[in-house]
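To start, the structure itself, in structure tokens.
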Amino acid sequence: MDLTYTPQEEDFRARLREWLAEVLPTLPPKPSPDDWPARRAYDLGWQRALHDAGYAGVHWDASPTTRLIFWEETERAGAPYVGANFVGLLHAGPTIATEGTPAQRERWLPPILRGEEVWCQGFSEPEAGSDLASLRTRARRDGDHYVVSGSKLWTSHAEVADWCELLVRTDSAAPRHRGITWLAMPMDAPGVTVRPLRTLAGSAEFAEMFLDEVRVPVADRVGAENDGWRVTMVTLSFERGTAFAGEVVACRRVLGELAREARAGGRWDDPALRRRLGRLNAEFRALWRLVQWNAGETETAGGGVPGVAGSVFKLRYSHARQELYDTAAAVLGPDCLDLDRPWVLDRLSSLSYTIAAGTSQIQRTIVGERVLGLPKGR
Amino acid sequence: MDLTYTPQEEDFRARLREWLAEVLPTLPPKPSPDDWPARRAYDLGWQRALHDAGYAGVHWDASPTTRLIFWEETERAGAPYVGANFVGLLHAGPTIATEGTPAQRERWLPPILRGEEVWCQGFSEPEAGSDLASLRTRARRDGDHYVVSGSKLWTSHAEVADWCELLVRTDSAAPRHRGITWLAMPMDAPGVTVRPLRTLAGSAEFAEMFLDEVRVPVADRVGAENDGWRVTMVTLSFERGTAFAGEVVACRRVLGELAREARAGGRWDDPALRRRLGRLNAEFRALWRLVQWNAGETETAGGGVPGVAGSVFKLRYSHARQELYDTAAAVLGPDCLDLDRPWVLDRLSSLSYTIAAGTSQIQRTIVGERVLGLPKGR
Amino acid sequence: MRLHPTDDQRALRDSLRRLLARRFGAVALRAAVAGPGLDRALWRELGAAGFFALRLPEADGGVGLGLPEAVLAFEEAGRALLPGPLAATCLAAGTVSGAATGETVVTAVDGGGLVEWLDASDTVLGDASGAVPLRSVDPLTPLHRVPAPASVGPPDPVAVLLTAAEQLGTAARVCELAVQHARARKQFGQPIGAFQAVKHLCADMLVRTETARAAVYAAAVTAGPADIAAARLLADEAAGRGSRDCLQVHGGMGFTWESEVHLHLKRAWVRSHRAGGVTESEELLAADLVAGAG
Amino acid sequence: MRLHPTDDQRALRDSLRRLLARRFGAVALRAAVAGPGLDRALWRELGAAGFFALRLPEADGGVGLGLPEAVLAFEEAGRALLPGPLAATCLAAGTVSGAATGETVVTAVDGGGLVEWLDASDTVLGDASGAVPLRSVDPLTPLHRVPAPASVGPPDPVAVLLTAAEQLGTAARVCELAVQHARARKQFGQPIGAFQAVKHLCADMLVRTETARAAVYAAAVTAGPADIAAARLLADEAAGRGSRDCLQVHGGMGFTWESEVHLHLKRAWVRSHRAGGVTESEELLAADLVAGAG
């Protein structure tokens with residue numbers, strides 16, 4: 001059991017911290033949430049800055065502990081979020097890096113790292129949510145192209161994306177997980193229609209995407225035809241272990257703010273509320289330790305259950321984050337009904353945590369079957 | 001919506017209350033929990049007293065509201081529990097009354113009502129708990145007898161019972177629910193061995209029962225051969241609606257005692273504990289209303305979901321009762337580790353509420369499928 | 001003794017449900033979300049149907065019924081997500097002219113300092129001076145806040161009970177919505193309601209709803225403060241947790257702005273802050289346990 | 001940075017697990033329940049294995065290791081339901097003669113006024129005058145209560161952490177027991193662990209256990225009071241709720257006196273009252289949030 005960092009890691013942290021202190025004050029003001037082109041430019045600009053300072057590849061090349069330090073320090077310093085770079089940096093990029101041909105890697109990876117191209121994810125469909133493998137978007141071969149038709153849902157940043165990592169069905173006779181193929185689709189291809197999808201929080205982070213006979217070159221397929229499920233799964237849990245480090249740091253900051261707000265507002269005298277905040281302190285301290293644990297997990301499995309990282313963390317964290325913002329509502333009292341007060345919108349957003357990227361129900365089944373070895377139901 | 005009682009019901013309540021006030025002081029002292037013969041005598045004596053005063057048949061003949069009044073008043077007055085008469089009065093008796101021949105009714109019912117014979121239930125088996133229909137105790141025909149072998153579990157009052165309502169498998173080739181038969185077995189028959197089963201609460205309320213070639217006359221079969229599952233189900237939910245009335249009254253009394261103990265001990269100043277007690281007050285008030293609702297449910301279904309009574313009540317009540325005794329532990333502080341303090345043993349016993357007579361998991365499936373009409377899993 | 005609604009009470013409930021389905025169904029609900037504002041024609045129609053005057057004696061032009069009927073009406077309003085200061089107007093029938101008929105819309109300053117639908121109301125009870133608008137979490141409940149609300153006494157128990165009835169309506173409705181979705185939506189080759197994880201969520205929603213129903217209806221009969229406080233706690237829980245579970249059952253589908261589910265959750269949040277909030281009810285019920293015990 | 005136990009630490013844990021399996025396995029556990037009393041031979045054997053002297057410097061005859069090793073040892077003790085005043089004796093190694101070697105059994109008066117294993121101990125720390133025996137809910141932990149315990153300061157953080165480690169052991173063990181039973185027990189034609197209702201109970205047990213594990217191990221490294229308080233809360237929850245869920249998974253089988261499950265629940269209850277109880281930890285962690293914030 002060791003919580004010390006190596007001199008190299010401490011050096012990385014010090015240099016990163018120093019650089020952040022220099023660069024952050026020079027950033028342009030944050031764009032309005034509704035100004036999509038400005039947001040794209042802002043997010044890409046930040047990635048470019050990271051790239052030029054030598055931090056672009058931290059997610060792909062560095063050790064988990066270094067990545068953890070990266071997330072921790074950028075969050076602490078209040079640096080911009082990964083934003084529009086999310087899919088490129090944390091999903092499509094690693095997939096291409098692992099499964100792509102040399103030509104594909106050369107074509108797509110540098111623009112992601114340099115902050116030049118935005119990717120979005122075309123996985124979910126109206127009838128394929130938790131059961132992603134039931135996806136129906138079809139692609140038929142026509143010479144050296146695939147012709148793709150169907151619809152996708154919950155595609156974030158679709159309005160400003162250059163590329164879409166797309167899962168399509170290329171063999172409808174094969175078993176569900178077999179006939180799926182991974183394609184890189186240019187978002188400006190004829191036949192692609194994007195419609196913003198407003199969420200219950202009132203924002204339009206997501207979109208629906210309709211595909212009508214969209215032509216995608218066979219050369220832009222990553223991995224073999226009908227092997228897309230495996231190609232995707234290789235990286236679907238990429239970064240699960242440490243990518244939440246920043247969020248946990250952010251939650252702990254919110255928790256401190258809540259306690260100070262409670263003291264200022266007089267509710268601190270209510271022992272029930274105080275103890276609830278104390279419990280949340282325990283909760284997020286533990287989650288932070290779980291992030292650290294997971295960073296060490298990539299090496300040989302030690303104590304505890306191996307492979308436990310992603311789903312265990314997500315189950316606990318989703319619930320903790322919802323409880324954090326419910327507690328915020330208790331601190332705010334009737335003001336929790338005012339969207340202009342802090343944390344109120346976050347409370348609405350936090351409702352998706354037990355659903356997005358695998359519902360808590362699905363996660364429990366994963367933990368039960370893959371970690372604990374319990375049998376599948378008939 | 002009407003919470004008034006008819007003049008007849010009020011009259012019943014008044015006469016019962018008057019009679020209880022007269023008779024309870026004349027009862028002998030309660031026997032020790034470990035003295036089985038004395039407990040049998042005590043319980044049968046109380047049933048005899050009820051019989052002689054005209055209250056023996058209240059569970060079989062009276063309206064649900066009258067039964068509710070009966071449970072409410074006997075609990076309020078601190079009358080003895082149904083105890084050893086439970087299976088006879090509330091399960092085997094009603095089954096025989098509904099499904100038995102005239103000769104069987106004449107043979108078995110009067111001794112139950114008069115407090116002369118004790119019945120126990122031989123349903124559960126080591127391998128047949130939640131899945132009762134998988135029971136394996138076999139019975140083969142031999143002339144005008146069945147010859148029964150197998151073992152039963154969780155048989156309460158087996159040590160002092162005269163008769164056992166026994167479910168046996170008479171056709172092992174038939175579908176699970178078909179080849180089951182209901183027999184009345186005399187407990188003194190050769191081949192019956194009873195072994196007390198100590199529970200985690202340290203008591204021996206229950207027993208295991210081993211049956212080795214026990215001969216039961218075919219004449220003592222209730223219902224047709226292989227029709228035992230239906231025979232049993234007819235009355236398995238008997239009294240679910242109102243039999244808990246007394247327990248809810250008891251829980252509300254405990255809650256008042258807890259509040260007074262908290263005031264005496266200084267813990268009342270803790271708002272968290274106080275509000276927890278306030279919530280339990282709401283909970284048991286609502287459960288009392290649910291009992292009243294269920295008493296009215298036997299008439300034509302009105303608002304709400306019909307048939308909702310048994311499982312809904314049991315799910316909520318089991319949880320509420322466990323929360324009641326957990327709250328008692330919070331009131332007691334470290335004294336909750338002392339078995340000689342009130343409520344501590346009750347806390348241990350309450351742990352079985354989410355398991356016995358159908359786990360909460362099974363109840364939720366029943367509510368989901370039979371009340372809400374959700375489909376069965378594959 | 002029969003806690004179930006009588007035939008007459010069910011007839012009243014059914015006719016109101018029909019009126020609301022016709023006048024405030026799925027399309028009208030969406031339109032109201034898109035363009036907020038109180039539908040005065042609907043308000044008058046409700047007045048004509050006796051919604052606001054249920055408890056007013058017939059001699060005063062009312063319907064001459066009691067709390068049980070009012071509770072059933074408010075349960076329907078909650079189910080339908082009917083917007084407007086319903087409880088305040090209902091309580092003002094008989095004292096504020098035109099409230100009973102739906103001509104006058106009445107709102108009130110709540111003990112916590114919030115005022116619902118201030119701009120759309122004709123009359124406001126209580127001192128709303130200096131009220132500032134909030135950006136309300138519920139798109140169908142405009143809110144103002146009074147900076148320093150006058151200290152008021154305990155909330156009117158009838159207002160508490162009518163709010164509980166609305167919460168009951170939400171609880172029942174979200175249970176229905178969850179069950180409908182769980183039956184229709186297929187994943188992994190079967191309706192998701194066939195999976196125990198979903199089935200049991202739905203079962204727990206029903207248990208909370210039916211327990212709350214018994215508590216609310218009984219409180220309508222007895223009108224006792226402790227019964228009303230209990231009804232409030234149970235109904236608040238059934239509405240709040242029910243809406244969340246309904247959202248969980250709906251998965252991504254429930255997160256769209258077009259879905260009805262989040263509107264129930266947000267309304268349930270608004271209602272849970274009315275009339276002293278849940279803490280006041282918990283304390284009342286705690287005090288009730290030791291009342292008379294010296 | 002690697003929070004996992006090192007190879008050396010795992011070797012220490014494994015050897016202690018083997019010792020306890022050999023000397024305090026299922027048969028010995030049942031015998032201890034039937035005839036309570038402290039096994040002094042086992043106590044000395046633990047002493048010889050270094051259990052009580054892990055943290056004592058080698059110069060003082062100890063093993064010269066740290067809190068992490070002590071935490072792993074106490075996790076194993078918790079797993080095995082090892083009886084006796086383990087933490088008190090461990091803390092007394094170095095000050096009470098014979099404690100380190102297991103010759104002397106040391107107990108202590110807890111802040112709440114309870115004393116474990118008073119009659120079986122050679123030395124009692126604190127003022128136990130007037131102590132009266134309770135009928136302990138845990139058959140393997142005899143308890144006395146001191147009528148008016150002297151007001152003591154905050155509990156020793158190390159005692160809190162070692163208790164948390166024992167709770168972690170219980171949490172891990174009951175999760176294992178539940179999974180074993182869910183795999184083996186068949187109902188409705190399949191192992192009950194194939195039903196989501198059971199599977200998800202088990203998954204939640206694992207989540208609580210592994211989160212608590214991260215908190216306990218980290219607290220062993222930092223020894224910070226807030227980290228220790230957090231470890232305590234998480235481990236208490238994992239042990240208490242885990243034991244109950246394990247009981248639920250076992251159904252009737254877990255309710256027999258012969259089952260190991262209820263012994264874990266009862267021991268978890270005893271431990272949760274040690275060293276100030278959970279409220280003290282919650283308050284410490286609440287204060288920590290505003291510390292230094294003025």
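By order in the structure tokens, chains are A, B, ...; within a chain, residues start at 1; ligands start at 1, following the order shown.
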*Residues flagged strand (DSSP E) by DSSP in region 47-283 of chain C, as JSON, numbers by chain*: {"C": [106, 107, 108, 114, 115, 116, 123, 124, 125, 132, 133, 143, 144, 145, 186, 187, 190, 191]}
Mind checking which residues fall within 7 Å of Lys152 (chain B), counting only C-alpha atoms, ignoring those fewer than 4 positions away in the same chain, and posting them as a PDB file with N, CA, C and O atoms, in the first residue's frame?
```
ATOM      1  N   GLY B 122     -46.610 -28.560   7.411  1.00  0.00           N
ATOM      2  CA  GLY B 122     -45.479 -29.263   6.793  1.00  0.00           C
ATOM      3  C   GLY B 122     -45.400 -28.937   5.317  1.00  0.00           C
ATOM      4  O   GLY B 122     -45.761 -29.751   4.475  1.00  0.00           O
ATOM      5  N   PHE B 123     -44.979 -27.748   5.013  1.00  0.00           N
ATOM      6  CA  PHE B 123     -44.890 -27.296   3.612  1.00  0.00           C
ATOM      7  C   PHE B 123     -43.434 -27.205   3.156  1.00  0.00           C
ATOM      8  O   PHE B 123     -42.989 -27.931   2.287  1.00  0.00           O
ATOM      9  N   SER B 124     -42.664 -26.262   3.760  1.00  0.00           N
ATOM     10  CA  SER B 124     -41.284 -26.010   3.329  1.00  0.00           C
ATOM     11  C   SER B 124     -40.411 -27.245   3.490  1.00  0.00           C
ATOM     12  O   SER B 124     -40.634 -28.078   4.370  1.00  0.00           O
ATOM     13  N   GLU B 125     -39.408 -27.314   2.632  1.00  0.00           N
ATOM     14  CA  GLU B 125     -38.412 -28.381   2.729  1.00  0.00           C
ATOM     15  C   GLU B 125     -37.032 -27.761   2.529  1.00  0.00           C
ATOM     16  O   GLU B 125     -36.932 -26.631   2.034  1.00  0.00           O
ATOM     17  N   PRO B 126     -35.988 -28.510   2.892  1.00  0.00           N
ATOM     18  CA  PRO B 126     -34.644 -27.936   2.710  1.00  0.00           C
ATOM     19  C   PRO B 126     -34.415 -27.426   1.287  1.00  0.00           C
ATOM     20  O   PRO B 126     -33.814 -26.383   1.088  1.00  0.00           O
ATOM     21  N   GLU B 208     -37.402 -29.101  12.534  1.00  0.00           N
ATOM     22  CA  GLU B 208     -37.289 -29.935  11.349  1.00  0.00           C
ATOM     23  C   GLU B 208     -38.120 -31.186  11.612  1.00  0.00           C
ATOM     24  O   GLU B 208     -38.258 -31.624  12.754  1.00  0.00           O
ATOM     25  N   MET B 209     -38.670 -31.747  10.548  1.00  0.00           N
ATOM     26  CA  MET B 209     -39.490 -32.932  10.713  1.00  0.00           C
ATOM     27  C   MET B 209     -39.044 -33.959   9.684  1.00  0.00           C
ATOM     28  O   MET B 209     -38.949 -33.647   8.495  1.00  0.00           O
ATOM     29  N   PHE B 210     -38.732 -35.164  10.152  1.00  0.00           N
ATOM     30  CA  PHE B 210     -38.296 -36.229   9.257  1.00  0.00           C
ATOM     31  C   PHE B 210     -39.384 -37.288   9.182  1.00  0.00           C
ATOM     32  O   PHE B 210     -39.920 -37.708  10.213  1.00  0.00           O
TER      33      PHE B 210
END
```
*Mind checking which residues fall within 8 Å of region 231-247 of chain D, counting only C-alpha atoms, ignoring those fewer than 6 positions away in the same chain, and posting them as a count of residues only?*
40
Check which residues of chain A sit at most 9 Å from chain C using only C-alpha atoms, and return one row each with the closest pair of atoms and their distance in Å to one decimal, ordered by chain and rising number, as a tab-separated table.
```
residue	atom	partner	partner_atom	distance
A:Pro126	CA	C:Met253	CA	8.3
A:Glu127	CA	C:Gln187	CA	7.6
A:Ala128	CA	C:Gln187	CA	7.2
A:Gly129	CA	C:Gly252	CA	7.6
A:Ser130	CA	C:Gln187	CA	7.1
A:Asp131	CA	C:Gln187	CA	5.5
A:Leu132	CA	C:Gln187	CA	8.8
A:Ala133	CA	C:Phe188	CA	8.5
A:Ser134	CA	C:Phe188	CA	7.5
A:Trp154	CA	C:Gly252	CA	8.1
A:Leu197	CA	C:Thr256	CA	6.9
A:Arg198	CA	C:Trp257	CA	5.4
A:Thr199	CA	C:Thr256	CA	4.4
A:Leu200	CA	C:Trp257	CA	4.6
A:Ala201	CA	C:Trp257	CA	7.7
A:Gly202	CA	C:Trp257	CA	6.8
A:Ser203	CA	C:Trp257	CA	8.9
A:Gly333	CA	C:His273	CA	7.9
A:Pro334	CA	C:His273	CA	6.1
A:Asp335	CA	C:Leu134	CA	8.7
A:Cys336	CA	C:Val137	CA	8.3
A:Leu337	CA	C:Val137	CA	5.2
A:Asp338	CA	C:Ser136	CA	5.1
A:Leu339	CA	C:Arg135	CA	5.3
A:Asp340	CA	C:Arg135	CA	6.2
A:Arg341	CA	C:Arg135	CA	8.9
A:Val344	CA	C:Val137	CA	8.0
A:Leu345	CA	C:Val137	CA	8.4
A:Leu351	CA	C:Arg244	CA	8.1
A:Ser352	CA	C:Phe255	CA	7.6
A:Thr354	CA	C:Gln248	CA	7.5
A:Ile355	CA	C:Gly251	CA	5.9
A:Ala356	CA	C:Gly252	CA	7.3
A:Thr359	CA	C:Gly251	CA	7.6
A:Gln361	CA	C:Ala197	CA	6.5
```
Writer output for current selection, N, CA and C atoms, as a short mmCIF file (atom, residue, chain, number, x, y, z; two decimals), in the first residue's frame:
```cif
data_model
loop_
_atom_site.label_atom_id
_atom_site.label_comp_id
_atom_site.auth_asym_id
_atom_site.auth_seq_id
_atom_site.Cartn_x
_atom_site.Cartn_y
_atom_site.Cartn_z
N PRO A 126 -32.61 4.51 -31.28
CA PRO A 126 -33.87 4.51 -30.54
C PRO A 126 -34.21 3.14 -29.96
N GLU A 127 -33.95 2.08 -30.70
CA GLU A 127 -34.28 0.74 -30.21
C GLU A 127 -33.07 0.00 -29.65
N ALA A 128 -31.94 0.66 -29.59
CA ALA A 128 -30.73 0.00 -29.09
C ALA A 128 -30.06 0.92 -28.07
N GLY A 129 -30.47 0.79 -26.82
CA GLY A 129 -29.89 1.61 -25.76
C GLY A 129 -29.01 0.72 -24.90
N SER A 130 -29.57 0.21 -23.81
CA SER A 130 -28.81 -0.72 -22.98
C SER A 130 -28.34 -1.90 -23.82
N ASP A 131 -29.20 -2.33 -24.73
CA ASP A 131 -28.88 -3.49 -25.57
C ASP A 131 -28.29 -3.00 -26.88
N LEU A 132 -27.07 -2.46 -26.78
CA LEU A 132 -26.43 -1.83 -27.92
C LEU A 132 -26.30 -2.78 -29.12
N ALA A 133 -26.09 -4.07 -28.82
CA ALA A 133 -25.85 -5.03 -29.90
C ALA A 133 -27.07 -5.26 -30.78
N SER A 134 -28.21 -4.71 -30.35
CA SER A 134 -29.40 -4.88 -31.19
C SER A 134 -29.53 -3.76 -32.23
N TRP A 154 -28.58 10.28 -29.04
CA TRP A 154 -27.65 10.66 -27.97
C TRP A 154 -26.24 10.88 -28.49
N LEU A 197 -31.24 17.50 -29.70
CA LEU A 197 -32.13 16.77 -28.81
C LEU A 197 -32.09 17.50 -27.47
N ARG A 198 -33.20 18.11 -27.10
CA ARG A 198 -33.22 18.86 -25.86
C ARG A 198 -33.45 17.90 -24.70
N THR A 199 -32.67 18.05 -23.65
CA THR A 199 -32.82 17.14 -22.50
C THR A 199 -33.69 17.77 -21.43
N LEU A 200 -33.98 17.01 -20.40
CA LEU A 200 -34.80 17.52 -19.30
C LEU A 200 -34.13 18.68 -18.58
N ALA A 201 -32.81 18.82 -18.72
CA ALA A 201 -32.13 19.95 -18.11
C ALA A 201 -32.26 21.19 -18.98
N GLY A 202 -32.94 21.06 -20.11
CA GLY A 202 -33.20 22.22 -20.95
C GLY A 202 -32.11 22.49 -21.97
N SER A 203 -31.02 21.73 -21.90
CA SER A 203 -29.90 21.99 -22.80
C SER A 203 -29.98 21.09 -24.02
N GLY A 333 -32.71 24.75 0.49
CA GLY A 333 -34.12 24.93 0.87
C GLY A 333 -34.94 25.28 -0.35
N PRO A 334 -35.94 26.15 -0.21
CA PRO A 334 -36.80 26.48 -1.36
C PRO A 334 -36.01 27.04 -2.55
N ASP A 335 -34.83 27.60 -2.30
CA ASP A 335 -34.04 28.12 -3.41
C ASP A 335 -33.59 27.03 -4.38
N CYS A 336 -33.73 25.79 -3.99
CA CYS A 336 -33.34 24.70 -4.89
C CYS A 336 -34.29 24.61 -6.08
N LEU A 337 -35.36 25.41 -6.06
CA LEU A 337 -36.28 25.43 -7.20
C LEU A 337 -35.90 26.49 -8.21
N ASP A 338 -34.79 27.21 -7.95
CA ASP A 338 -34.37 28.33 -8.79
C ASP A 338 -33.18 27.91 -9.65
N LEU A 339 -33.41 27.83 -10.96
CA LEU A 339 -32.35 27.37 -11.86
C LEU A 339 -31.14 28.30 -11.88
N ASP A 340 -31.30 29.52 -11.40
CA ASP A 340 -30.17 30.44 -11.38
C ASP A 340 -29.28 30.26 -10.16
N ARG A 341 -29.72 29.43 -9.22
CA ARG A 341 -28.85 29.17 -8.07
C ARG A 341 -27.86 28.08 -8.44
N VAL A 344 -28.37 23.72 -8.99
CA VAL A 344 -29.73 23.29 -9.33
C VAL A 344 -29.73 22.58 -10.70
N LEU A 345 -29.04 23.18 -11.66
CA LEU A 345 -28.94 22.56 -12.97
C LEU A 345 -28.10 21.27 -12.88
N LEU A 351 -29.11 13.41 -12.72
CA LEU A 351 -30.10 12.34 -12.85
C LEU A 351 -29.72 11.33 -13.93
N SER A 352 -28.91 11.77 -14.88
CA SER A 352 -28.54 10.86 -15.97
C SER A 352 -27.43 9.91 -15.57
N THR A 354 -27.11 7.56 -13.43
CA THR A 354 -27.43 6.15 -13.23
C THR A 354 -27.96 5.50 -14.51
N ILE A 355 -27.95 6.26 -15.60
CA ILE A 355 -28.48 5.74 -16.86
C ILE A 355 -27.44 5.74 -17.98
N ALA A 356 -26.78 6.90 -18.18
CA ALA A 356 -25.88 7.03 -19.32
C ALA A 356 -24.70 6.06 -19.21
N THR A 359 -26.81 1.60 -17.64
CA THR A 359 -27.61 1.87 -16.43
C THR A 359 -27.02 1.15 -15.23
N GLN A 361 -28.55 -0.77 -13.41
CA GLN A 361 -29.03 -2.16 -13.48
C GLN A 361 -28.08 -3.02 -14.32
#
```
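The chain A residues that come within 10 Å of chain B are A:Asp270, A:Pro271, A:Ala272, A:Leu273, A:Arg275, A:Gly377, A:Arg378, with only C-alpha atoms taken into account.
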Output the selection as a PDB file, in the first residue's frame - C-alpha atoms for each residue.
```
ATOM      1  CA  ASP A 270     -29.197  21.039  11.950  1.00  0.00           C
ATOM      2  CA  PRO A 271     -27.211  17.972  12.975  1.00  0.00           C
ATOM      3  CA  ALA A 272     -29.043  15.805  10.447  1.00  0.00           C
ATOM      4  CA  LEU A 273     -27.832  17.968   7.569  1.00  0.00           C
ATOM      5  CA  ARG A 275     -23.971  14.528   9.380  1.00  0.00           C
ATOM      6  CA  GLY A 377     -30.389 -16.146 -16.084  1.00  0.00           C
ATOM      7  CA  ARG A 378     -32.096 -18.541 -18.409  1.00  0.00           C
TER       8      ARG A 378
END
```
*asked:* With DSSP run on the backbone, what are the helix (DSSP H, G or I) residues within region 135-283 of chain B? I'd like them as a PyMOL selection string.
replied: chain B and resi 158-160+218-220+228-236+245-265+267-269+271-283
_Selected residue of minimal separation from chain C among D:Ala286, D:Leu38, D:Leu140, D:Ala194, counting only C-alpha atoms_ =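 Of D:Ala286, D:Leu38, D:Leu140, D:Ala194, the one nearest chain C, counting only C-alpha atoms, is D:Ala194.
Once His319 (chain A) and its same-chain neighbours fewer than 5 positions away are set aside, Lys314, Leu324, Tyr353 and Thr354 of chain A remain within 9 Å of it when counting only C-alpha atoms.
Among C:Ala53, C:Ala214, C:Ala28, C:Ala275, the residue with the shortest atom-to-atom distance to Ser97 (chain C), counting only C-alpha atoms, is C:Ala53.
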